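Reproduced below: query-v6.cif, with mmCIF, C-alpha atoms.
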data_structure
#
loop_
_atom_site.group_PDB
_atom_site.id
_atom_site.type_symbol
_atom_site.label_atom_id
_atom_site.label_comp_id
_atom_site.auth_asym_id
_atom_site.auth_seq_id
_atom_site.Cartn_x
_atom_site.Cartn_y
_atom_site.Cartn_z
ATOM 1 C CA MET A 108 0.000 0.000 0.000
ATOM 2 C CA ASN A 109 1.129 3.558 -0.723
ATOM 3 C CA VAL A 110 2.943 4.942 2.360
ATOM 4 C CA ALA A 111 0.835 8.127 2.453
ATOM 5 C CA LEU A 112 -2.339 6.076 2.112
ATOM 6 C CA GLN A 113 -1.211 3.797 4.941
ATOM 7 C CA GLY A 114 -0.641 6.860 7.102
ATOM 8 C CA MET A 115 -4.201 8.035 6.434
ATOM 9 C CA LEU A 116 -5.612 4.600 7.249
ATOM 10 C CA ASP A 117 -3.616 4.316 10.479
ATOM 11 C CA ARG A 118 -5.709 7.092 12.024
ATOM 12 C CA TYR A 119 -8.746 4.818 12.036
ATOM 13 C CA GLN A 120 -7.393 1.475 13.249
ATOM 14 C CA PRO A 121 -10.402 -0.240 11.618
ATOM 15 C CA GLN A 122 -11.560 -3.561 13.028
ATOM 16 C CA THR A 123 -15.076 -4.221 11.711
ATOM 17 C CA LEU A 124 -16.376 -4.071 8.161
ATOM 18 C CA GLY A 125 -18.217 -0.863 9.050
ATOM 19 C CA ASP A 126 -14.973 0.642 10.346
ATOM 20 C CA HIS A 127 -13.275 -0.113 7.026
ATOM 21 C CA GLU A 128 -16.159 1.341 5.016
ATOM 22 C CA ASN A 129 -16.131 4.547 7.055
ATOM 23 C CA ALA A 130 -12.356 4.829 6.754
ATOM 24 C CA LEU A 131 -12.555 4.365 2.980
ATOM 25 C CA GLN A 132 -15.215 7.034 2.654
ATOM 26 C CA GLU A 133 -13.252 9.599 4.636
ATOM 27 C CA ILE A 134 -10.007 8.847 2.804
ATOM 28 C CA VAL A 135 -11.824 9.391 -0.498
ATOM 29 C CA GLN A 136 -13.278 12.660 0.808
ATOM 30 C CA GLU A 137 -9.846 13.940 1.822
ATOM 31 C CA LEU A 138 -8.290 12.925 -1.488
ATOM 32 C CA ALA A 139 -11.129 14.769 -3.224
ATOM 33 C CA LEU A 140 -10.173 17.887 -1.258
ATOM 34 C CA LEU A 141 -6.572 17.429 -2.339
ATOM 35 C CA GLY A 142 -7.609 17.192 -5.974
ATOM 36 C CA LEU A 143 -9.697 20.339 -5.636
ATOM 37 C CA TRP A 144 -6.777 22.157 -4.025
ATOM 38 C CA ARG A 145 -4.523 21.196 -6.932
ATOM 39 C CA ALA A 146 -7.185 22.653 -9.250
ATOM 40 C CA LYS A 147 -7.072 25.935 -7.233
ATOM 41 C CA PHE A 148 -10.744 25.486 -6.416
ATOM 42 C CA PHE A 149 -10.372 27.036 -2.955
ATOM 43 C CA GLU A 150 -9.314 30.333 -4.441
ATOM 44 C CA ARG A 151 -12.962 30.744 -5.428
ATOM 45 C CA ALA A 152 -14.874 28.471 -3.078
ATOM 46 C CA ALA A 153 -15.150 27.346 0.544
ATOM 47 C CA PHE A 154 -15.931 24.037 2.235
ATOM 48 C CA TYR A 155 -18.823 23.721 4.687
ATOM 49 C CA GLY A 156 -21.237 21.202 6.225
ATOM 50 C CA GLY A 157 -20.899 18.103 8.364
ATOM 51 C CA THR A 158 -17.910 16.688 6.521
ATOM 52 C CA ALA A 159 -16.026 19.960 6.998
ATOM 53 C CA LEU A 160 -16.703 19.652 10.724
ATOM 54 C CA ARG A 161 -15.641 15.999 10.736
ATOM 55 C CA ILE A 162 -12.350 16.488 8.886
ATOM 56 C CA PHE A 163 -11.193 19.798 10.354
ATOM 57 C CA HIS A 164 -12.882 19.981 13.758
ATOM 58 C CA ARG A 165 -13.174 16.268 14.648
ATOM 59 C CA LEU A 166 -16.960 16.062 14.808
ATOM 60 C CA PRO A 167 -17.514 12.553 16.263
ATOM 61 C CA ARG A 168 -19.867 11.325 13.561
ATOM 62 C CA PHE A 169 -19.276 10.212 10.016
ATOM 63 C CA SER A 170 -20.646 12.226 7.118
ATOM 64 C CA GLU A 171 -21.482 11.261 3.536
ATOM 65 C CA ASP A 172 -21.457 14.396 1.390
ATOM 66 C CA ILE A 173 -18.956 17.157 0.649
ATOM 67 C CA ASP A 174 -20.512 20.596 0.318
ATOM 68 C CA PHE A 175 -19.009 23.790 -1.065
ATOM 69 C CA SER A 176 -20.022 27.363 -1.713
ATOM 70 C CA LEU A 177 -18.524 29.902 -4.082
ATOM 71 C CA LEU A 178 -17.203 33.045 -2.420
ATOM 72 C CA GLN A 179 -19.084 35.205 -4.920
ATOM 73 C CA PRO A 180 -22.161 34.402 -7.049
ATOM 74 C CA ASP A 181 -21.331 32.909 -10.462
ATOM 75 C CA ARG A 182 -24.038 30.840 -12.139
ATOM 76 C CA GLU A 183 -21.643 30.174 -15.041
ATOM 77 C CA PHE A 184 -18.931 28.584 -12.901
ATOM 78 C CA ASN A 185 -17.503 25.526 -14.659
ATOM 79 C CA LEU A 186 -17.164 22.679 -12.163
ATOM 80 C CA ALA A 187 -16.027 20.100 -14.740
ATOM 81 C CA PRO A 188 -12.230 20.749 -14.551
ATOM 82 C CA CYS A 189 -12.369 20.510 -10.764
ATOM 83 C CA LEU A 190 -14.207 17.187 -10.910
ATOM 84 C CA GLU A 191 -11.632 15.856 -13.353
ATOM 85 C CA ALA A 192 -8.905 16.843 -10.872
ATOM 86 C CA VAL A 193 -10.716 14.811 -8.208
ATOM 87 C CA ARG A 194 -10.928 11.779 -10.510
ATOM 88 C CA LYS A 195 -7.217 11.989 -11.325
ATOM 89 C CA GLU A 196 -6.261 12.293 -7.659
ATOM 90 C CA LEU A 197 -8.214 9.176 -6.721
ATOM 91 C CA ALA A 198 -6.767 7.250 -9.649
ATOM 92 C CA ALA A 199 -3.233 8.313 -8.686
ATOM 93 C CA PHE A 200 -3.739 6.545 -5.346
ATOM 94 C CA GLY A 201 -4.956 3.395 -7.060
ATOM 95 C CA PHE A 202 -8.677 3.789 -6.438
ATOM 96 C CA SER A 203 -11.319 2.915 -8.999
ATOM 97 C CA PHE A 204 -13.918 5.678 -9.007
ATOM 98 C CA ARG A 205 -15.858 7.604 -11.601
ATOM 99 C CA ILE A 206 -17.351 11.069 -11.308
ATOM 100 C CA GLU A 207 -20.910 11.538 -12.527
ATOM 101 C CA ARG A 208 -22.490 14.963 -12.978
ATOM 102 C CA ARG A 209 -26.110 15.233 -11.896
ATOM 103 C CA ASN A 210 -28.429 16.403 -14.651
ATOM 104 C CA LYS A 211 -30.767 19.048 -13.252
ATOM 105 C CA ARG A 212 -34.443 18.893 -14.153
ATOM 106 C CA VAL A 213 -34.947 22.501 -13.102
ATOM 107 C CA SER A 214 -32.557 25.432 -13.051
ATOM 108 C CA THR A 215 -31.041 25.944 -9.579
ATOM 109 C CA ALA A 216 -27.909 27.468 -8.111
ATOM 110 C CA ILE A 217 -26.720 24.055 -6.879
ATOM 111 C CA GLU A 218 -24.293 22.032 -9.006
ATOM 112 C CA SER A 219 -24.108 18.354 -8.041
ATOM 113 C CA ALA A 220 -21.946 15.376 -8.868
ATOM 114 C CA PHE A 221 -21.248 11.965 -7.369
ATOM 115 C CA ILE A 222 -18.080 10.016 -6.702
ATOM 116 C CA LYS A 223 -19.026 6.390 -7.355
ATOM 117 C CA GLY A 224 -17.148 3.117 -7.268
ATOM 118 C CA GLY A 225 -17.451 -0.492 -6.190
ATOM 119 C CA THR A 226 -17.074 -0.934 -2.449
ATOM 120 C CA ARG A 227 -15.294 -4.281 -2.616
ATOM 121 C CA ILE A 228 -12.586 -3.283 -5.091
ATOM 122 C CA ASN A 229 -11.835 -0.012 -3.341
ATOM 123 C CA LEU A 230 -11.735 -1.584 0.118
ATOM 124 C CA ALA A 231 -9.030 -3.872 -1.234
ATOM 125 C CA ARG A 232 -6.945 -0.760 -1.927
ATOM 126 C CA ILE A 233 -6.855 0.042 1.797
ATOM 127 C CA GLY A 234 -6.083 -3.531 2.783
ATOM 128 C CA THR A 235 -9.480 -4.654 4.053
ATOM 129 C CA PRO A 236 -9.243 -8.428 4.629
ATOM 130 C CA ASP A 237 -10.921 -10.685 2.065
ATOM 131 C CA TYR A 238 -13.195 -12.303 4.658
ATOM 132 C CA LEU A 239 -14.696 -8.886 5.474
ATOM 133 C CA ARG A 240 -15.048 -7.791 1.859
ATOM 134 C CA ALA A 241 -16.775 -11.086 1.034
ATOM 135 C CA ARG A 242 -19.725 -10.051 3.218
ATOM 136 C CA LEU A 243 -20.620 -7.234 0.833
ATOM 137 C CA PRO A 244 -23.059 -7.568 -2.074
ATOM 138 C CA ASP A 245 -21.265 -7.685 -5.413
ATOM 139 C CA LEU A 246 -22.831 -4.473 -6.662
ATOM 140 C CA GLN A 247 -22.553 -2.370 -3.499
ATOM 141 C CA GLN A 248 -21.074 1.043 -4.207
ATOM 142 C CA VAL A 249 -19.395 3.883 -2.378
ATOM 143 C CA ARG A 250 -21.401 6.994 -3.257
ATOM 144 C CA ILE A 251 -20.262 10.432 -2.157
ATOM 145 C CA ARG A 252 -22.190 13.485 -3.281
ATOM 146 C CA ILE A 253 -20.424 16.731 -4.157
ATOM 147 C CA GLU A 254 -22.545 19.896 -4.078
ATOM 148 C CA LEU A 255 -21.571 23.458 -4.968
ATOM 149 C CA ASP A 256 -23.727 26.514 -4.262
ATOM 150 C CA THR A 257 -23.060 28.979 -7.093
ATOM 151 C CA ASP A 258 -25.273 31.694 -5.546
ATOM 152 C CA PRO A 259 -23.954 31.930 -1.981
ATOM 153 C CA PRO A 260 -25.667 34.013 0.708
ATOM 154 C CA PRO A 261 -23.615 37.056 1.770
ATOM 155 C CA LEU A 262 -21.913 38.036 5.035
ATOM 156 C CA ALA A 263 -19.924 34.843 5.504
ATOM 157 C CA ASP A 264 -16.520 34.668 7.191
ATOM 158 C CA TYR A 265 -13.845 32.129 6.289
ATOM 159 C CA GLU A 266 -10.652 30.556 7.532
ATOM 160 C CA VAL A 267 -7.921 28.569 5.820
ATOM 161 C CA LEU A 268 -6.884 25.317 7.522
ATOM 162 C CA THR A 269 -4.219 22.760 6.708
ATOM 163 C CA LEU A 270 -4.280 19.002 6.236
ATOM 164 C CA LEU A 271 -0.883 17.295 6.440
ATOM 165 C CA THR A 272 -1.748 13.992 4.749
ATOM 166 C CA PRO A 273 -1.280 12.613 2.179
ATOM 167 C CA ILE A 274 0.719 15.825 1.526
ATOM 168 C CA PRO A 275 0.390 19.233 3.198
ATOM 169 C CA PHE A 276 -2.357 21.279 1.540
ATOM 170 C CA GLN A 277 -4.828 23.959 2.552
ATOM 171 C CA VAL A 278 -8.599 24.299 2.345
ATOM 172 C CA ARG A 279 -10.704 27.421 2.722
ATOM 173 C CA LEU A 280 -13.794 26.787 4.808
ATOM 174 C CA PHE A 281 -16.497 28.727 6.599
ATOM 175 C CA ASP A 282 -15.476 29.672 10.133
ATOM 176 C CA LEU A 283 -17.290 28.000 13.013
ATOM 177 C CA PRO A 284 -19.917 30.734 13.687
ATOM 178 C CA CYS A 285 -20.856 30.667 9.990
ATOM 179 C CA LEU A 286 -20.884 26.874 9.931
ATOM 180 C CA PHE A 287 -23.242 27.021 12.914
ATOM 181 C CA ALA A 288 -25.420 29.527 11.042
ATOM 182 C CA GLY A 289 -25.626 27.089 8.134
ATOM 183 C CA LYS A 290 -26.618 24.266 10.471
ATOM 184 C CA LEU A 291 -29.312 26.342 12.149
ATOM 185 C CA HIS A 292 -30.635 27.303 8.721
ATOM 186 C CA ALA A 293 -30.884 23.592 7.868
ATOM 187 C CA ILE A 294 -32.713 22.843 11.129
ATOM 188 C CA LEU A 295 -35.177 25.691 10.650
ATOM 189 C CA CYS A 296 -35.717 25.596 6.904
ATOM 190 C CA ARG A 297 -34.917 22.137 5.548
ATOM 191 C CA ASN A 298 -37.881 20.358 3.991
ATOM 192 C CA TRP A 299 -37.725 17.006 5.770
ATOM 193 C CA LYS A 300 -40.676 15.456 3.933
ATOM 194 C CA SER A 301 -40.854 11.951 5.450
ATOM 195 C CA ARG A 302 -37.239 11.761 6.663
ATOM 196 C CA VAL A 303 -36.037 13.898 9.557
ATOM 197 C CA LYS A 304 -32.317 14.655 9.372
ATOM 198 C CA GLY A 305 -31.189 13.570 12.819
ATOM 199 C CA ARG A 306 -27.650 14.510 11.870
ATOM 200 C CA ASP A 307 -28.685 18.167 12.085
ATOM 201 C CA PHE A 308 -29.658 17.743 15.742
ATOM 202 C CA TYR A 309 -26.511 15.792 16.552
ATOM 203 C CA ASP A 310 -24.427 18.611 15.109
ATOM 204 C CA LEU A 311 -26.437 21.207 17.044
ATOM 205 C CA LEU A 312 -25.432 19.495 20.286
ATOM 206 C CA TRP A 313 -21.796 19.512 19.150
ATOM 207 C CA TYR A 314 -21.863 23.274 18.560
ATOM 208 C CA LEU A 315 -23.604 23.991 21.866
ATOM 209 C CA GLY A 316 -21.241 21.729 23.770
ATOM 210 C CA ARG A 317 -18.320 23.803 22.480
ATOM 211 C CA GLN A 318 -20.101 27.110 23.056
ATOM 212 C CA ILE A 319 -19.816 28.113 19.412
ATOM 213 C CA PRO A 320 -21.901 31.253 18.756
ATOM 214 C CA CYS A 321 -23.992 31.726 15.633
ATOM 215 C CA ASN A 322 -23.166 34.388 13.044
ATOM 216 C CA LEU A 323 -26.649 35.862 13.134
ATOM 217 C CA ARG A 324 -26.168 38.180 10.167
ATOM 218 C CA HIS A 325 -25.158 35.264 7.962
ATOM 219 C CA LEU A 326 -28.078 33.165 9.206
ATOM 220 C CA GLN A 327 -30.444 36.013 8.414
ATOM 221 C CA ALA A 328 -28.973 36.327 4.907
ATOM 222 C CA ARG A 329 -29.499 32.609 4.359
ATOM 223 C CA MET A 330 -33.100 32.754 5.584
ATOM 224 C CA VAL A 331 -33.893 35.801 3.449
ATOM 225 C CA GLN A 332 -32.436 34.063 0.402
ATOM 226 C CA THR A 333 -34.662 31.012 0.884
ATOM 227 C CA GLY A 334 -37.760 33.043 1.705
ATOM 228 C CA HIS A 335 -37.904 32.153 5.408
ATOM 229 C CA TRP A 336 -37.367 35.700 6.732
ATOM 230 C CA GLN A 337 -38.388 39.179 5.636
ATOM 231 C CA PRO A 338 -35.476 41.230 4.240
ATOM 232 C CA ASP A 339 -36.594 44.439 6.008
ATOM 233 C CA ARG A 340 -36.676 42.850 9.473
ATOM 234 C CA GLU A 341 -33.631 42.187 11.637
ATOM 235 C CA LEU A 342 -33.279 38.670 13.031
ATOM 236 C CA ALA A 343 -32.655 38.963 16.782
ATOM 237 C CA ILE A 344 -31.401 36.210 19.059
ATOM 238 C CA ALA A 345 -34.828 36.098 20.747
ATOM 239 C CA ASP A 346 -36.413 35.463 17.334
ATOM 240 C CA LEU A 347 -33.987 32.647 16.646
ATOM 241 C CA ARG A 348 -34.646 30.944 19.960
ATOM 242 C CA ARG A 349 -38.409 31.188 19.436
ATOM 243 C CA LEU A 350 -38.126 29.735 15.926
ATOM 244 C CA LEU A 351 -36.037 26.862 17.247
ATOM 245 C CA ARG A 352 -38.516 26.033 20.008
ATOM 246 C CA ASP A 353 -41.333 26.002 17.455
ATOM 247 C CA ARG A 354 -39.349 23.819 15.080
ATOM 248 C CA PHE A 355 -38.403 21.315 17.776
ATOM 249 C CA GLY A 356 -42.097 20.949 18.534
ATOM 250 C CA GLN A 357 -42.609 19.602 14.992
ATOM 251 C CA VAL A 358 -39.864 16.951 15.056
ATOM 252 C CA ASP A 359 -40.367 13.186 15.214
ATOM 253 C CA PHE A 360 -37.348 12.398 17.372
ATOM 254 C CA ASP A 361 -37.729 8.651 16.843
ATOM 255 C CA GLN A 362 -37.039 9.310 13.161
ATOM 256 C CA ALA A 363 -34.210 11.657 14.069
ATOM 257 C CA ARG A 364 -32.489 8.988 16.159
ATOM 258 C CA SER A 365 -32.880 6.416 13.379
ATOM 259 C CA ASP A 366 -31.306 8.778 10.852
ATOM 260 C CA VAL A 367 -28.160 9.515 12.838
ATOM 261 C CA ARG A 368 -27.593 6.083 14.387
ATOM 262 C CA PRO A 369 -25.548 4.632 11.447
ATOM 263 C CA PHE A 370 -23.067 7.524 11.709
ATOM 264 C CA ILE A 371 -22.145 7.277 15.394
ATOM 265 C CA ARG A 372 -20.611 4.630 17.621
ATOM 266 C CA ASP A 373 -22.520 5.045 20.907
ATOM 267 C CA ASP A 374 -26.323 4.967 20.940
ATOM 268 C CA ALA A 375 -26.311 6.274 24.504
ATOM 269 C CA GLU A 376 -25.732 9.744 23.050
ATOM 270 C CA LEU A 377 -29.318 9.671 21.787
ATOM 271 C CA GLU A 378 -31.159 8.689 24.977
ATOM 272 C CA LEU A 379 -32.151 12.237 25.946
ATOM 273 C CA TRP A 380 -33.534 13.170 22.550
ATOM 274 C CA ASN A 381 -37.090 14.449 22.834
ATOM 275 C CA THR A 382 -38.997 17.674 22.285
ATOM 276 C CA ALA A 383 -38.594 19.042 25.812
ATOM 277 C CA PHE A 384 -34.838 18.370 25.803
ATOM 278 C CA PHE A 385 -34.178 20.289 22.600
ATOM 279 C CA GLN A 386 -36.580 23.122 23.444
ATOM 280 C CA SER A 387 -34.678 23.649 26.691
ATOM 281 C CA LEU A 388 -31.448 23.937 24.701
ATOM 282 C CA ALA A 389 -32.783 26.692 22.442
ATOM 283 C CA GLU A 390 -31.973 29.189 25.198
ATOM 284 C CA ARG A 391 -28.307 28.242 24.996
ATOM 285 C CA VAL A 392 -27.914 29.422 21.401
ATOM 286 C CA GLU A 393 -25.894 32.634 21.367
ATOM 287 C CA ALA A 394 -24.949 35.139 18.661
ATOM 288 C CA SER A 395 -21.355 36.026 17.838
ATOM 289 C CA ARG A 396 -20.270 39.560 18.724
ATOM 290 C CA ALA A 397 -19.625 40.375 15.067
ATOM 291 C CA ALA A 398 -23.274 39.628 14.334
#
Let me see the structure of the file written as structure tokens.
Amino acid sequence: MNVALQGMLDRYQPQTLGDHENALQEIVQELALLGLWRAKFFERAAFYGGTALRIFHRLPRFSEDIDFSLLQPDREFNLAPCLEAVRKELAAFGFSFRIERRNKRVSTAIESAFIKGGTRINLARIGTPDYLRARLPDLQQVRIRIELDTDPPPLADYEVLTLLTPIPFQVRLFDLPCLFAGKLHAILCRNWKSRVKGRDFYDLLWYLGRQIPCNLRHLQARMVQTGHWQPDRELAIADLRRLLRDRFGQVDFDQARSDVRPFIRDDAELELWNTAFFQSLAERVEASRAA
């Protein structure tokens, strides 16, 4: 196995098949970031979402997708060269993946693509034992979604952080108060349909546990952009707390627990999840001074 790849794998010390699958997914995500860095993508875009938290801030849950936002609106941005850089980076490390662009049925600001490849063959690249790989269905695939917002909401703040493996490289990402604003926007405004995103609530607890404040101005800009707040009205912290209490009253927390359970290692973290618990936590959400 490639020495750099072995170094990445050593962080996980995988034992079970699930451990190996999670390790593979995160290694692929980090190699995708490396490919994007080589393509100078982060000169024009920033990383955000749960995977950004996982890779750079050690969020203790696994995450499937990699989400990005341009720094400035550009509906004509060409993502194709960046995706090709990702494909080449994965191939250079011996992985067998393809990149598929998502064909949009309606015009939106979100560009999407998927990294896809057979789970068995790519687990072999990180040394997963044959007896574990044999448990997988022949056609099972690793599937990682890439999304880029080409019409980003304003008033975001960023930071540049460094990964040292497989080589040193840097990624621009939203700072923590703006990442928290994005998470609160998802909690308040996401259309769950029949599937509650329990991962959103898990991440909320992570932010609160670290006393991360919310960039309220950025949250307001996001909510105005999606039609969930009036542009001529200032969003105050009291408004945010009220909106959160109302939203928590609508949540099926049994569904929320089921959604997040595959991405964490200790179910005991979910025992307190109910409406009253989360409504009590709404009062702990604070705004950053800059907001």
Kindly assemble as JSON lines a list of the segment 210-311 of chain A residues that lie within 10 Å of segment 338-353 of chain A, each paired with its nearest atom pair and their distance in Å to one decimal, using all atoms listed in the file, sorted first by chain and then by ascending residue number.
{"residue": "A:Leu291", "atom": "CA", "partner": "A:Leu351", "partner_atom": "CA", "distance": 8.5}
{"residue": "A:Ile294", "atom": "CA", "partner": "A:Leu351", "partner_atom": "CA", "distance": 8.0}
{"residue": "A:Leu295", "atom": "CA", "partner": "A:Leu351", "partner_atom": "CA", "distance": 6.8}
Grab the residues selected above and save them as a PDB file, keeping the file's coordinate frame with C-alpha atoms.
ATOM      1  CA  LEU A 291     -29.312  26.342  12.149  1.00  0.00           C
ATOM      2  CA  ILE A 294     -32.713  22.843  11.129  1.00  0.00           C
ATOM      3  CA  LEU A 295     -35.177  25.691  10.650  1.00  0.00           C
TER       4      LEU A 295
END
Could I get the residues of segment 281-302 of chain A with an atom no further than 8 Å from an atom of segment 317-332 of chain A, each paired with its nearest atom pair and that distance in Å to one decimal, using all atoms listed in the file, sorted by chain and residue number, as JSON lines?
{"residue": "A:Leu283", "atom": "CA", "partner": "A:Ile319", "partner_atom": "CA", "distance": 6.9}
{"residue": "A:Pro284", "atom": "CA", "partner": "A:Cys321", "partner_atom": "CA", "distance": 4.6}
{"residue": "A:Cys285", "atom": "CA", "partner": "A:Asn322", "partner_atom": "CA", "distance": 5.3}
{"residue": "A:Phe287", "atom": "CA", "partner": "A:Cys321", "partner_atom": "CA", "distance": 5.5}
{"residue": "A:Ala288", "atom": "CA", "partner": "A:Leu326", "partner_atom": "CA", "distance": 4.9}
{"residue": "A:Gly289", "atom": "CA", "partner": "A:Leu326", "partner_atom": "CA", "distance": 6.6}
{"residue": "A:Leu291", "atom": "CA", "partner": "A:Leu326", "partner_atom": "CA", "distance": 7.5}
{"residue": "A:His292", "atom": "CA", "partner": "A:Leu326", "partner_atom": "CA", "distance": 6.4}
{"residue": "A:Cys296", "atom": "CA", "partner": "A:Met330", "partner_atom": "CA", "distance": 7.7}
Test item: the PyMOL selection byres ((chain A and resi 148) around 12) resolved as a CSV table (one decimal) with C-alpha atoms, keeping the file's coordinate frame:
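The result, written out as selection-v3.csv:
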chain,number,residue,atom,x,y,z
A,139,ALA,CA,-11.1,14.8,-3.2
A,140,LEU,CA,-10.2,17.9,-1.3
A,141,LEU,CA,-6.6,17.4,-2.3
A,142,GLY,CA,-7.6,17.2,-6.0
A,143,LEU,CA,-9.7,20.3,-5.6
A,144,TRP,CA,-6.8,22.2,-4.0
A,145,ARG,CA,-4.5,21.2,-6.9
A,146,ALA,CA,-7.2,22.7,-9.2
A,147,LYS,CA,-7.1,25.9,-7.2
A,149,PHE,CA,-10.4,27.0,-3.0
A,150,GLU,CA,-9.3,30.3,-4.4
A,151,ARG,CA,-13.0,30.7,-5.4
A,152,ALA,CA,-14.9,28.5,-3.1
A,153,ALA,CA,-15.2,27.3,0.5
A,154,PHE,CA,-15.9,24.0,2.2
A,175,PHE,CA,-19.0,23.8,-1.1
A,176,SER,CA,-20.0,27.4,-1.7
A,177,LEU,CA,-18.5,29.9,-4.1
A,178,LEU,CA,-17.2,33.0,-2.4
A,184,PHE,CA,-18.9,28.6,-12.9
A,185,ASN,CA,-17.5,25.5,-14.7
A,186,LEU,CA,-17.2,22.7,-12.2
A,187,ALA,CA,-16.0,20.1,-14.7
A,188,PRO,CA,-12.2,20.7,-14.6
A,189,CYS,CA,-12.4,20.5,-10.8
A,190,LEU,CA,-14.2,17.2,-10.9
A,191,GLU,CA,-11.6,15.9,-13.4
A,192,ALA,CA,-8.9,16.8,-10.9
A,193,VAL,CA,-10.7,14.8,-8.2
A,255,LEU,CA,-21.6,23.5,-5.0
A,277,GLN,CA,-4.8,24.0,2.6
A,278,VAL,CA,-8.6,24.3,2.3
A,279,ARG,CA,-10.7,27.4,2.7
A,280,LEU,CA,-13.8,26.8,4.8
For this session: Give as a PyMOL selection string the residues that the PyMOL selection byres ((chain A and resi 221) around 12) matches when applied to the coordinates above.
Result: chain A and resi 135-136+139+171-174+190-191+193-194+204-210+218-220+222-224+248-255
Problem set entry | Proximity to Leu262 of chain A - best of A:Gln179, A:Gln132, A:Thr123, A:Gln386, all atoms listed in the file | A:Gln179
Seminar exercise, completed: Among A:Ser170, A:Ser365, A:Asn381, A:Thr226, Asp245 of chain A is approached most closely, using all atoms listed in the file, by A:Thr226
For this session: Have a look at atom CA of Glu133 of chain A and atom CA of Leu379 of chain A and let me know their distance in Å, one decimal.
Result: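 These two atoms are separated by 28.6 Å.
Our summary of the geometry notes that atom CA of Ser203 of chain A is positioned 6.4 Å from atom CA of Asn229 of chain A.
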